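A.B. asks: Sharing query12.cif below, mmCIF, C-alpha atoms:
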```cif
data_upload
loop_
_atom_site.label_atom_id
_atom_site.label_comp_id
_atom_site.auth_asym_id
_atom_site.auth_seq_id
_atom_site.Cartn_x
_atom_site.Cartn_y
_atom_site.Cartn_z
CA MET A 1 -25.93 10.63 -24.69
CA ASP A 2 -23.40 9.63 -27.24
CA LYS A 3 -21.20 12.70 -27.12
CA PRO A 4 -17.51 11.87 -26.69
CA ARG A 5 -16.17 11.73 -23.17
CA LEU A 6 -12.59 11.96 -21.99
CA THR A 7 -10.65 8.70 -22.30
CA ARG A 8 -8.85 7.27 -19.26
CA GLU A 9 -5.64 8.75 -20.67
CA GLN A 10 -7.29 12.17 -21.06
CA ILE A 11 -8.58 12.05 -17.48
CA ALA A 12 -4.98 11.40 -16.42
CA GLN A 13 -3.77 14.22 -18.66
CA ARG A 14 -6.23 16.67 -17.09
CA ALA A 15 -5.33 15.55 -13.56
CA ALA A 16 -1.62 16.04 -14.34
CA ILE A 17 -2.28 19.78 -14.75
CA GLU A 18 -3.24 19.88 -11.04
CA LEU A 19 0.30 18.91 -9.95
CA PRO A 20 2.56 21.82 -8.95
CA ASP A 21 6.24 21.93 -9.91
CA GLY A 22 8.42 20.26 -7.28
CA ALA A 23 5.51 18.44 -5.62
CA TYR A 24 5.82 15.13 -3.79
CA VAL A 25 3.03 13.00 -5.24
CA ASN A 26 1.57 9.54 -4.71
CA LEU A 27 -0.34 7.92 -7.57
CA GLY A 28 -2.81 5.12 -6.87
CA TRP A 29 -3.81 2.19 -9.06
CA GLY A 30 -5.85 2.59 -12.25
CA ILE A 31 -6.22 5.95 -13.99
CA PRO A 32 -3.92 7.78 -11.50
CA ASN A 33 -1.06 5.50 -12.50
CA LEU A 34 -1.27 6.91 -16.07
CA ILE A 35 -0.60 10.48 -14.89
CA ALA A 36 3.18 10.08 -14.88
CA ASP A 37 3.08 9.86 -18.69
CA TYR A 38 1.31 13.22 -19.03
CA LEU A 39 3.32 15.57 -16.84
CA PRO A 40 3.83 18.99 -18.43
CA LYS A 41 7.45 19.05 -19.68
CA GLU A 42 8.37 22.15 -17.73
CA ILE A 43 7.73 20.65 -14.28
CA THR A 44 9.49 18.06 -12.08
CA VAL A 45 7.43 15.96 -9.73
CA TYR A 46 8.83 13.53 -7.13
CA PHE A 47 6.76 10.36 -7.13
CA HIS A 48 6.32 8.53 -3.85
CA SER A 49 5.85 4.78 -4.05
CA GLU A 50 4.34 3.35 -0.90
CA ASN A 51 6.70 0.39 -0.81
CA GLY A 52 9.46 2.86 0.09
CA ILE A 53 10.69 5.02 -2.79
CA LEU A 54 10.75 8.76 -3.30
CA GLY A 55 11.81 9.93 -6.75
CA MET A 56 10.49 6.96 -8.69
CA GLY A 57 11.03 7.32 -12.45
CA ARG A 58 9.53 5.61 -15.46
CA ARG A 59 8.95 1.88 -15.71
CA ALA A 60 12.02 -0.21 -16.55
CA LYS A 61 12.49 -1.21 -20.18
CA PRO A 62 13.02 -4.85 -21.14
CA GLY A 63 16.50 -5.87 -20.04
CA GLU A 64 16.65 -3.06 -17.48
CA GLU A 65 14.49 -4.75 -14.82
CA ASP A 66 15.74 -5.24 -11.26
CA TYR A 67 13.16 -7.07 -9.15
CA ASP A 68 14.36 -5.36 -5.98
CA LEU A 69 13.42 -2.04 -7.63
CA VAL A 70 9.68 -2.28 -8.12
CA ASP A 71 6.64 -0.09 -7.51
CA ALA A 72 3.73 -1.03 -5.26
CA MET A 73 2.14 -2.86 -8.22
CA LYS A 74 5.22 -5.08 -8.66
CA PHE A 75 6.34 -3.40 -11.88
CA PRO A 76 10.10 -2.89 -12.21
CA VAL A 77 10.77 0.85 -12.25
CA THR A 78 13.68 3.28 -12.46
CA LEU A 79 14.79 6.21 -10.30
CA ILE A 80 15.33 9.88 -11.02
CA PRO A 81 18.41 11.69 -9.65
CA GLY A 82 17.94 12.52 -5.97
CA ALA A 83 15.77 9.49 -5.24
CA SER A 84 15.77 7.72 -1.87
CA PHE A 85 14.67 4.45 -0.27
CA PHE A 86 13.13 4.02 3.17
CA HIS A 87 11.26 1.41 5.17
CA GLN A 88 7.53 0.96 5.32
CA ALA A 89 6.99 2.95 8.52
CA ASP A 90 8.56 6.01 6.90
CA ALA A 91 6.71 5.35 3.63
CA HIS A 92 3.36 5.69 5.36
CA LEU A 93 4.53 8.28 7.83
CA MET A 94 4.85 10.39 4.67
CA THR A 95 1.27 9.63 3.60
CA ARG A 96 -0.43 9.98 6.98
CA GLY A 97 1.70 12.79 8.33
CA GLY A 98 0.70 15.32 5.67
CA HIS A 99 4.10 15.31 3.96
CA LEU A 100 2.85 14.54 0.45
CA ASP A 101 1.67 17.57 -1.50
CA VAL A 102 -0.81 15.67 -3.65
CA ALA A 103 -2.19 12.15 -3.74
CA VAL A 104 -4.31 10.84 -6.61
CA LEU A 105 -6.53 7.82 -6.11
CA GLY A 106 -9.12 5.97 -8.16
CA GLY A 107 -12.68 5.88 -6.89
CA PHE A 108 -15.95 3.93 -6.97
CA GLN A 109 -17.95 6.71 -5.30
CA VAL A 110 -17.32 10.21 -3.96
CA SER A 111 -19.96 11.95 -1.82
CA GLU A 112 -20.86 15.62 -1.80
CA LYS A 113 -18.91 15.95 1.46
CA GLY A 114 -15.81 14.41 -0.09
CA ASP A 115 -16.19 10.94 1.44
CA LEU A 116 -14.42 8.34 -0.71
CA ALA A 117 -15.26 4.69 -1.40
CA ASN A 118 -12.57 3.00 -3.49
CA TRP A 119 -11.55 -0.37 -2.09
CA LYS A 120 -14.44 -2.82 -2.21
CA ILE A 121 -17.51 -3.36 -4.37
CA PRO A 122 -20.34 -4.82 -2.30
CA GLY A 123 -20.97 -8.45 -3.22
CA ALA A 124 -17.71 -8.81 -5.15
CA LYS A 125 -15.99 -12.20 -4.93
CA GLY A 126 -12.86 -12.67 -2.89
CA SER A 127 -11.34 -11.01 0.12
CA GLY A 128 -10.87 -7.47 -1.18
CA GLY A 129 -7.87 -5.48 -0.07
CA ILE A 130 -7.22 -2.05 1.40
CA GLY A 131 -3.53 -1.43 0.76
CA GLY A 132 -2.38 2.10 1.42
CA ALA A 133 -5.56 3.90 0.33
CA MET A 134 -6.90 4.62 3.84
CA ASP A 135 -3.56 6.01 5.06
CA ILE A 136 -3.27 8.17 1.94
CA ALA A 137 -6.88 9.39 2.15
CA ALA A 138 -6.44 10.35 5.80
CA GLY A 139 -3.19 12.26 5.36
CA ALA A 140 -2.76 13.81 1.91
CA LYS A 141 -2.60 17.61 1.84
CA LYS A 142 -4.60 17.52 -1.38
CA LEU A 143 -6.48 14.44 -2.55
CA ILE A 144 -7.59 14.17 -6.16
CA VAL A 145 -9.84 11.32 -7.29
CA CYS A 146 -9.80 10.23 -10.94
CA MET A 147 -12.75 8.13 -12.08
CA GLU A 148 -15.48 7.79 -14.66
CA HIS A 149 -18.44 10.08 -14.04
CA VAL A 150 -20.88 7.14 -13.98
CA SER A 151 -20.40 3.41 -13.40
CA LYS A 152 -20.53 0.82 -16.20
CA ASP A 153 -24.26 0.33 -15.56
CA GLY A 154 -24.87 4.09 -15.71
CA ALA A 155 -25.21 4.80 -11.98
CA PRO A 156 -23.74 8.12 -10.79
CA LYS A 157 -20.41 7.75 -8.99
CA ILE A 158 -20.78 11.24 -7.54
CA VAL A 159 -23.38 10.74 -4.84
CA LYS A 160 -25.02 12.41 -1.85
CA LYS A 161 -23.83 9.60 0.43
CA CYS A 162 -21.55 6.68 -0.41
CA THR A 163 -23.24 3.27 -0.36
CA TYR A 164 -20.02 1.31 -1.03
CA PRO A 165 -17.58 0.52 1.84
CA LEU A 166 -15.77 3.72 2.77
CA THR A 167 -12.08 4.48 2.43
CA GLY A 168 -12.19 7.78 4.28
CA LEU A 169 -14.49 10.58 5.41
CA GLU A 170 -14.33 14.14 4.01
CA CYS A 171 -10.96 13.52 2.41
CA VAL A 172 -11.41 14.35 -1.31
CA ASP A 173 -10.53 17.85 -2.56
CA THR A 174 -10.98 17.52 -6.32
CA ILE A 175 -12.64 15.01 -8.65
CA VAL A 176 -11.55 14.61 -12.26
CA THR A 177 -13.96 12.52 -14.34
CA ASP A 178 -14.47 11.87 -18.04
CA LEU A 179 -17.03 14.70 -18.00
CA ALA A 180 -15.89 17.26 -15.46
CA VAL A 181 -13.50 18.75 -12.94
CA ILE A 182 -15.28 19.20 -9.63
CA ASP A 183 -14.04 20.71 -6.36
CA VAL A 184 -15.31 19.66 -2.96
CA THR A 185 -16.00 22.81 -0.94
CA PRO A 186 -17.57 23.42 2.48
CA GLN A 187 -20.68 24.53 0.55
CA GLY A 188 -20.83 21.30 -1.48
CA LEU A 189 -19.59 20.26 -4.91
CA SER A 190 -18.49 22.99 -7.29
CA LEU A 191 -18.34 22.37 -11.05
CA ARG A 192 -15.08 23.91 -12.27
CA GLU A 193 -14.85 22.59 -15.85
CA VAL A 194 -16.87 20.39 -18.22
CA ALA A 195 -15.72 18.07 -21.00
CA PRO A 196 -15.61 19.65 -24.47
CA GLY A 197 -19.09 19.73 -25.99
CA TRP A 198 -20.89 19.08 -22.70
CA ARG A 199 -23.20 21.54 -20.92
CA PRO A 200 -23.21 21.85 -17.10
CA ASP A 201 -26.85 20.70 -16.92
CA GLU A 202 -25.96 17.52 -18.85
CA VAL A 203 -23.09 16.78 -16.46
CA GLN A 204 -25.40 17.51 -13.52
CA LYS A 205 -27.98 14.98 -14.79
CA LEU A 206 -25.37 12.23 -14.51
CA ALA A 207 -24.41 13.15 -10.94
CA GLY A 208 -26.25 12.04 -7.81
CA ALA A 209 -25.52 15.25 -5.88
CA PRO A 210 -25.94 18.93 -6.73
CA LEU A 211 -23.03 20.55 -8.64
CA LYS A 212 -22.89 24.28 -7.98
CA THR A 213 -21.80 26.62 -10.75
CA LYS A 214 -20.62 30.21 -10.67
CA GLY A 215 -21.13 31.96 -13.99
CA ARG A 216 -20.03 30.28 -17.19
CA VAL A 217 -18.28 26.91 -16.69
CA PRO A 218 -15.27 26.59 -19.04
CA GLU A 219 -14.47 23.45 -21.01
CA ILE A 220 -11.54 21.20 -20.10
CA HIS A 221 -8.62 22.19 -22.27
CA LEU A 222 -5.96 19.61 -23.10
CA GLN A 223 -2.80 20.19 -25.15
CA MET B 1 28.74 -15.77 22.86
CA LYS B 2 25.80 -17.53 21.19
CA LYS B 3 26.35 -17.84 17.47
CA LYS B 4 23.59 -16.33 15.35
CA VAL B 5 24.61 -17.82 12.02
CA TYR B 6 22.87 -21.13 11.27
CA PRO B 7 24.28 -23.61 8.77
CA SER B 8 21.02 -24.38 6.95
CA LEU B 9 17.49 -23.17 6.29
CA ASP B 10 15.98 -26.29 7.85
CA GLU B 11 17.96 -25.87 11.07
CA VAL B 12 17.11 -22.20 11.44
CA VAL B 13 13.34 -22.97 11.44
CA ALA B 14 13.59 -26.31 13.29
CA ASP B 15 11.92 -25.06 16.50
CA VAL B 16 9.04 -23.15 14.89
CA PRO B 17 5.97 -24.80 16.46
CA HIS B 18 2.48 -25.41 15.11
CA GLY B 19 0.28 -22.40 15.86
CA ALA B 20 3.14 -19.88 15.81
CA ARG B 21 2.48 -16.21 14.99
CA ILE B 22 4.93 -15.24 12.27
CA MET B 23 5.60 -11.94 10.48
CA PHE B 24 6.80 -12.23 6.88
CA GLY B 25 8.60 -9.29 5.26
CA GLY B 26 8.26 -8.27 1.63
CA PHE B 27 6.12 -6.09 -0.63
CA GLY B 28 5.65 -5.92 -4.37
CA GLY B 29 7.69 -9.07 -4.95
CA ALA B 30 10.81 -7.61 -3.30
CA GLY B 31 12.22 -8.52 0.09
CA PHE B 32 10.30 -11.73 0.71
CA PRO B 33 12.10 -14.44 2.75
CA ASN B 34 11.16 -17.06 0.18
CA ASN B 35 13.81 -19.58 1.22
CA LEU B 36 12.61 -19.49 4.83
CA ILE B 37 9.01 -19.90 3.64
CA GLN B 38 10.04 -23.00 1.66
CA ALA B 39 11.77 -24.37 4.77
CA LEU B 40 8.53 -23.93 6.74
CA VAL B 41 6.68 -25.82 4.00
CA ARG B 42 9.21 -28.68 4.22
CA LYS B 43 8.81 -28.71 7.99
CA GLY B 44 5.02 -28.88 7.59
CA VAL B 45 4.02 -26.59 10.46
CA LYS B 46 0.26 -25.99 10.69
CA ASN B 47 -2.19 -23.46 12.14
CA ILE B 48 0.14 -20.55 11.57
CA THR B 49 -1.02 -16.97 12.06
CA ALA B 50 0.73 -15.03 9.30
CA ILE B 51 1.26 -11.28 9.39
CA SER B 52 2.32 -9.90 6.03
CA ASN B 53 1.34 -7.18 3.58
CA ASN B 54 0.22 -9.64 0.88
CA CYS B 55 -1.00 -13.23 0.63
CA GLY B 56 1.31 -14.60 -2.03
CA THR B 57 1.88 -14.61 -5.77
CA ARG B 58 0.46 -17.85 -7.10
CA GLU B 59 2.83 -20.47 -5.57
CA GLY B 60 5.42 -17.87 -4.64
CA GLU B 61 5.84 -16.10 -1.30
CA LEU B 62 3.04 -17.06 1.13
CA GLY B 63 1.14 -18.72 -1.74
CA LEU B 64 3.05 -21.93 -1.08
CA MET B 65 1.95 -22.04 2.55
CA PHE B 66 -1.68 -21.40 1.60
CA LYS B 67 -1.43 -24.14 -1.02
CA HIS B 68 -0.36 -26.56 1.73
CA ASN B 69 -3.05 -25.22 4.10
CA GLN B 70 -0.52 -24.24 6.78
CA ILE B 71 -2.04 -20.85 7.64
CA LYS B 72 -5.26 -20.53 9.65
CA HIS B 73 -5.35 -16.76 10.14
CA VAL B 74 -3.74 -13.90 8.27
CA ILE B 75 -3.35 -10.22 9.08
CA ALA B 76 -2.68 -8.34 5.83
CA SER B 77 -3.44 -5.10 4.03
CA PHE B 78 -3.70 -6.28 0.44
CA PRO B 79 -3.94 -10.01 -0.35
CA GLY B 80 -3.11 -9.17 -3.97
CA PRO B 81 -4.28 -9.99 -7.50
CA HIS B 82 -2.38 -13.29 -7.75
CA SER B 83 -3.13 -14.65 -4.28
CA ASN B 84 -5.22 -17.49 -5.73
CA HIS B 85 -4.21 -20.12 -3.15
CA PHE B 86 -5.18 -17.75 -0.35
CA GLN B 87 -8.46 -16.85 -2.08
CA GLN B 88 -9.41 -20.52 -2.43
CA ARG B 89 -8.76 -21.20 1.26
CA PHE B 90 -10.56 -17.99 2.20
CA ALA B 91 -13.62 -18.88 0.11
CA ALA B 92 -13.62 -22.36 1.71
CA LYS B 93 -13.42 -20.71 5.17
CA GLU B 94 -10.19 -22.57 5.90
CA VAL B 95 -8.44 -19.30 6.67
CA THR B 96 -9.65 -16.12 8.35
CA LEU B 97 -8.46 -12.64 7.40
CA GLU B 98 -8.04 -9.38 9.27
CA LEU B 99 -7.63 -6.56 6.74
CA VAL B 100 -5.61 -3.63 8.05
CA PRO B 101 -4.69 -0.38 6.26
CA GLN B 102 -1.11 -0.79 5.09
CA GLY B 103 0.51 2.01 7.07
CA ILE B 104 -1.44 1.02 10.17
CA LEU B 105 -0.36 -2.61 9.77
CA CYS B 106 3.21 -1.37 9.82
CA GLU B 107 2.66 1.04 12.70
CA ARG B 108 0.94 -1.61 14.84
CA MET B 109 4.01 -3.81 14.44
CA ARG B 110 6.26 -0.85 15.13
CA ALA B 111 4.28 -0.20 18.32
CA ALA B 112 4.94 -3.78 19.43
CA GLY B 113 8.65 -3.35 18.82
CA ALA B 114 8.72 0.09 20.44
CA GLY B 115 7.00 -0.95 23.67
CA LEU B 116 3.92 1.15 23.01
CA GLN B 117 0.47 -0.04 24.06
CA GLY B 118 -1.35 1.10 20.94
CA PHE B 119 -2.07 4.50 19.40
CA TYR B 120 -4.89 6.66 18.09
CA THR B 121 -5.25 7.43 14.39
CA THR B 122 -7.65 9.10 11.99
CA VAL B 123 -7.00 6.34 9.43
CA GLY B 124 -10.05 4.16 8.94
CA VAL B 125 -12.48 6.33 10.95
CA GLY B 126 -16.02 5.72 9.71
CA THR B 127 -14.99 2.64 7.70
CA GLU B 128 -15.27 -1.12 8.28
CA VAL B 129 -11.82 -0.98 9.83
CA ALA B 130 -13.19 1.04 12.77
CA GLU B 131 -15.82 -1.54 13.73
CA GLY B 132 -15.47 -2.61 17.37
CA LYS B 133 -12.62 -0.18 18.06
CA GLU B 134 -12.62 2.54 20.69
CA GLU B 135 -13.24 5.97 19.16
CA ARG B 136 -12.46 9.35 20.66
CA THR B 137 -11.86 12.90 19.48
CA LEU B 138 -8.31 14.21 19.87
CA GLU B 139 -7.15 17.64 18.73
CA GLY B 140 -10.57 18.06 17.14
CA LYS B 141 -10.24 14.92 15.01
CA ARG B 142 -12.16 11.65 15.22
CA CYS B 143 -9.66 8.86 15.95
CA ILE B 144 -9.73 5.13 16.59
CA LEU B 145 -7.52 3.12 18.92
CA GLU B 146 -5.20 0.65 17.19
CA MET B 147 -3.40 -2.02 19.22
CA PRO B 148 0.09 -3.48 18.74
CA ILE B 149 0.64 -6.62 16.67
CA HIS B 150 3.06 -9.00 18.39
CA ALA B 151 4.62 -12.13 16.94
CA ASP B 152 6.69 -15.13 18.00
CA PHE B 153 8.87 -14.91 14.90
CA ALA B 154 9.74 -12.43 12.19
CA PHE B 155 11.00 -13.96 8.94
CA ILE B 156 12.82 -11.26 7.07
CA LYS B 157 14.99 -10.87 3.99
CA ALA B 158 18.10 -8.67 3.88
CA GLN B 159 20.90 -8.20 1.40
CA LYS B 160 23.82 -8.38 3.76
CA ALA B 161 24.47 -9.41 7.35
CA ASP B 162 27.58 -9.43 9.45
CA GLU B 163 27.99 -12.27 11.93
CA LEU B 164 26.50 -10.17 14.72
CA GLY B 165 23.30 -9.57 12.73
CA ASN B 166 23.74 -6.01 11.55
CA LEU B 167 21.75 -5.80 8.32
CA THR B 168 21.54 -3.83 5.09
CA TYR B 169 18.80 -4.04 2.49
CA ARG B 170 18.93 -3.58 -1.25
CA LEU B 171 16.83 -0.93 -3.12
CA ALA B 172 13.10 -1.24 -2.44
CA ALA B 173 13.48 -4.68 -0.82
CA ARG B 174 13.70 -2.97 2.58
CA ASN B 175 9.93 -2.31 2.97
CA PHE B 176 8.48 -4.13 6.03
CA ASN B 177 11.65 -6.00 6.99
CA PRO B 178 13.25 -3.53 9.44
CA ILE B 179 9.93 -2.99 11.23
CA MET B 180 9.16 -6.69 11.62
CA ALA B 181 12.71 -7.30 12.85
CA MET B 182 11.95 -5.02 15.81
CA ALA B 183 8.51 -6.44 16.56
CA ALA B 184 8.94 -10.20 17.05
CA LYS B 185 10.37 -12.26 19.92
CA THR B 186 12.71 -14.09 17.53
CA THR B 187 13.85 -12.55 14.24
CA ILE B 188 15.31 -14.80 11.56
CA ALA B 189 17.06 -13.07 8.69
CA GLU B 190 17.57 -14.71 5.31
CA VAL B 191 20.48 -12.90 3.69
CA GLU B 192 22.24 -12.97 0.34
CA GLU B 193 25.69 -12.16 1.71
CA LEU B 194 27.35 -12.89 5.02
CA VAL B 195 30.34 -10.72 5.91
CA PRO B 196 32.72 -10.48 8.89
CA VAL B 197 31.98 -8.17 11.81
CA GLY B 198 33.19 -4.70 10.93
CA ALA B 199 32.70 -5.13 7.17
CA ILE B 200 29.51 -3.06 7.25
CA GLU B 201 30.25 0.58 8.04
CA PRO B 202 28.37 1.49 11.25
CA GLU B 203 26.61 4.37 9.52
CA HIS B 204 25.39 2.02 6.79
CA VAL B 205 23.69 -0.41 9.18
CA MET B 206 19.93 -0.32 8.53
CA THR B 207 18.83 -2.86 11.14
CA PRO B 208 21.10 -2.97 14.20
CA ALA B 209 22.13 -6.45 15.38
CA ILE B 210 20.12 -6.18 18.62
CA PHE B 211 16.95 -6.94 16.62
CA VAL B 212 18.31 -10.00 14.81
CA HIS B 213 18.56 -13.37 16.53
CA ARG B 214 19.31 -15.82 13.74
CA ILE B 215 20.92 -15.52 10.33
CA VAL B 216 20.97 -17.90 7.41
CA GLN B 217 22.52 -17.37 4.02
CA ALA B 218 20.58 -18.24 0.86
CA LYS B 219 20.37 -17.04 -2.71
CA GLY B 220 17.27 -14.83 -2.90
CA LEU B 221 14.19 -15.81 -4.92
CA HIS B 222 11.77 -13.52 -6.74
CA TYR B 223 8.31 -14.25 -8.08
CA ALA B 224 7.23 -11.76 -10.72
CA GLY B 225 3.65 -10.50 -10.80
#
```
What does the file become when written as structure tokens?

C.D. replies:
Amino acid sequence: MDKPRLTREQIAQRAAIELPDGAYVNLGWGIPNLIADYLPKEITVYFHSENGILGMGRRAKPGEEDYDLVDAMKFPVTLIPGASFFHQADAHLMTRGGHLDVAVLGGFQVSEKGDLANWKIPGAKGSGGIGGAMDIAAGAKKLIVCMEHVSKDGAPKIVKKCTYPLTGLECVDTIVTDLAVIDVTPQGLSLREVAPGWRPDEVQKLAGAPLKTKGRVPEIHLQ
Amino acid sequence: MKKKVYPSLDEVVADVPHGARIMFGGFGGAGFPNNLIQALVRKGVKNITAISNNCGTREGELGLMFKHNQIKHVIASFPGPHSNHFQQRFAAKEVTLELVPQGILCERMRAAGAGLQGFYTTVGVGTEVAEGKEERTLEGKRCILEMPIHADFAFIKAQKADELGNLTYRLAARNFNPIMAMAAKTTIAEVEELVPVGAIEPEHVMTPAIFVHRIVQAKGLHYAG
């Protein structure tokens, strides 16, 4: 299938629409980190950085960097008015304790029950690393996963059961891929939107678990 | 009264023995006690158990100790993309690693400092992290038992100390430092500024002096990603 899919930036743009005005939000590495650039102009979101910042702003411009003011990926950042700093116990108290409204993580696999695997590829070289993903997965009020619909070798990343090392069980609420927006419900996965030009049955073929539909499935609409 | 301020980096680490368990503050390049780490490298201590969020940035932070093969075991959440000296030692089986979810790493240290004998959490249930740990259901949720992490020393970095050891931190350089300060038997603070007692407003103190045993002044070092 050579039909166009959403780019990584477009996945981020679609996920940004899921963020409510005034929300406290944590963005993980990869596609989620792009979301900050695509917030609808009319809303304010308070970004939580797990090293101990609430109200993180854009990345610092050249000449503006302060290496004591960095995000969890070591990039120098800025603050928005009303920001605060806190130590690591409070930073993850916020993630685990259900204080964040939305968290967005990248993913290698999501199961039909909402299990997430996102920290280690089996057989990969090196030690791997967990970071804050397990705390965030366990505690976010709403967890969105942004990822490609299939892996580079074409294998579905939406699966009946994760085969990669798990990050958390039954933690994902919504999946935004380059082909679809999918909700995890008690009845299984529900196909909410498809990429422009794609039919639900085509999106289903590239998923390893059933995607339920109710009536006509609308296309993803981006500004 | 015993003086907490030491005249030099080498003197403040002089009694750190081989095989010590040491917590190292810092995250994302900010708040690392890099001058204390360099002093440990000069001293040449071996067989250290290091407890830290990351495993160094090339030769910066803990990277220098891995380069000199001083660490035999590390408890960390995210070794990091530039932890090449750690990765080489890890691949050669010269260092062992316990990976811990970041918030749980912090909370296990906090438990040690708070006199708590462990806690139950939903974090990591059903994952590799849960292997070998007691599991039970509490309030309808599957939980695992996590135990405290103790240490002989905490090496931390603060912006400012008074001569009693009250500390303040700058911006996001606070991170793990206040927690580690509470958790170790001996806490050594590397600070940018040393001020007289009373110069830090009591309501601005971030780590109270009771948690800080030694202080040494040094110009802070950063290693960019």

A.B. asks: When distances are computed from only C-alpha atoms, which of A:Pro40, A:Gly123, A:Pro156, A:Gly208 shows the smallest separation from Gln13 in chain A?

C.D. replies: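 Of the candidates, the smallest distance to Gln13 in chain A is held by A:Pro40.
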
A.B. asks: Mind telling me what the PyMOL selection byres ((chain A) within 10 of (chain B)) catches here, as a PyMOL selection string?

C.D. replies: chain A and resi 49-53+66-76+84-96+115+117+125-139+165-169

A.B. asks: For a cut-off of 6 Å around (16.6, -4.6, 13.2), file coordinates, pick out all residues using all atoms listed in the file and list them as a list in words.

C.D. replies: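 Here is the list of nearby residues: Pro178, Ala181, Met182, Thr207, Pro208, Phe211 and Val212 of chain B.
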
A.B. asks: Work out how far apart CA of Ala161 in chain B and CA of Leu194 in chain B are and give it in Å to one decimal.

C.D. replies: 5.1 Å

A.B. asks: Interatomic distance between CA of Gly114 in chain A and CA of Val102 in chain A?

C.D. replies: 15.5 Å

A.B. asks: With a distance cut-off of 12 Å and only C-alpha atoms, select the neighbouring residues of Asp21 in chain A, excluding the residue or stretch itself and same-chain residues fewer than 6 positions from it, and output the selection as a short mmCIF file (atom, residue, chain, number, x, y, z; two decimals) with C-alpha atoms, keeping the file's coordinate frame.

C.D. replies:
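Now in selection_12.cif:
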```cif
data_model
loop_
_atom_site.label_atom_id
_atom_site.label_comp_id
_atom_site.auth_asym_id
_atom_site.auth_seq_id
_atom_site.Cartn_x
_atom_site.Cartn_y
_atom_site.Cartn_z
CA LEU A 39 3.32 15.57 -16.84
CA PRO A 40 3.83 18.99 -18.43
CA LYS A 41 7.45 19.05 -19.68
CA GLU A 42 8.37 22.15 -17.73
CA ILE A 43 7.73 20.65 -14.28
CA THR A 44 9.49 18.06 -12.08
CA VAL A 45 7.43 15.96 -9.73
CA TYR A 46 8.83 13.53 -7.13
CA PHE A 47 6.76 10.36 -7.13
CA ASP A 101 1.67 17.57 -1.50
CA VAL A 102 -0.81 15.67 -3.65
#
```

A.B. asks: Nearest residue to Gly113 in chain B out of B:His18, B:Arg89, B:His82, B:Lys185, using only C-alpha atoms?

C.D. replies: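 Of the candidates, the smallest distance to Gly113 in chain B is held by B:Lys185.
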
A.B. asks: List the residues matched by the PyMOL selection byres ((chain B and resi 213-217) around 9) in the displayed structure as an MDAnalysis selection string, ordered by chain and then by residue number.

C.D. replies: chainID B and resid 3:9 12 36 161 163:165 185:194 209:212 218:219

A.B. asks: For each of B:Glu203, B:Glu139, B:Glu94, B:Glu134, take the minimum atom-to-atom distance to Ile48 in chain B, counting all atoms listed in the file, then give the residue where this is smallest.

C.D. replies: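 Among B:Glu203, B:Glu139, B:Glu94, B:Glu134, it is B:Glu94 that comes nearest to Ile48 in chain B.
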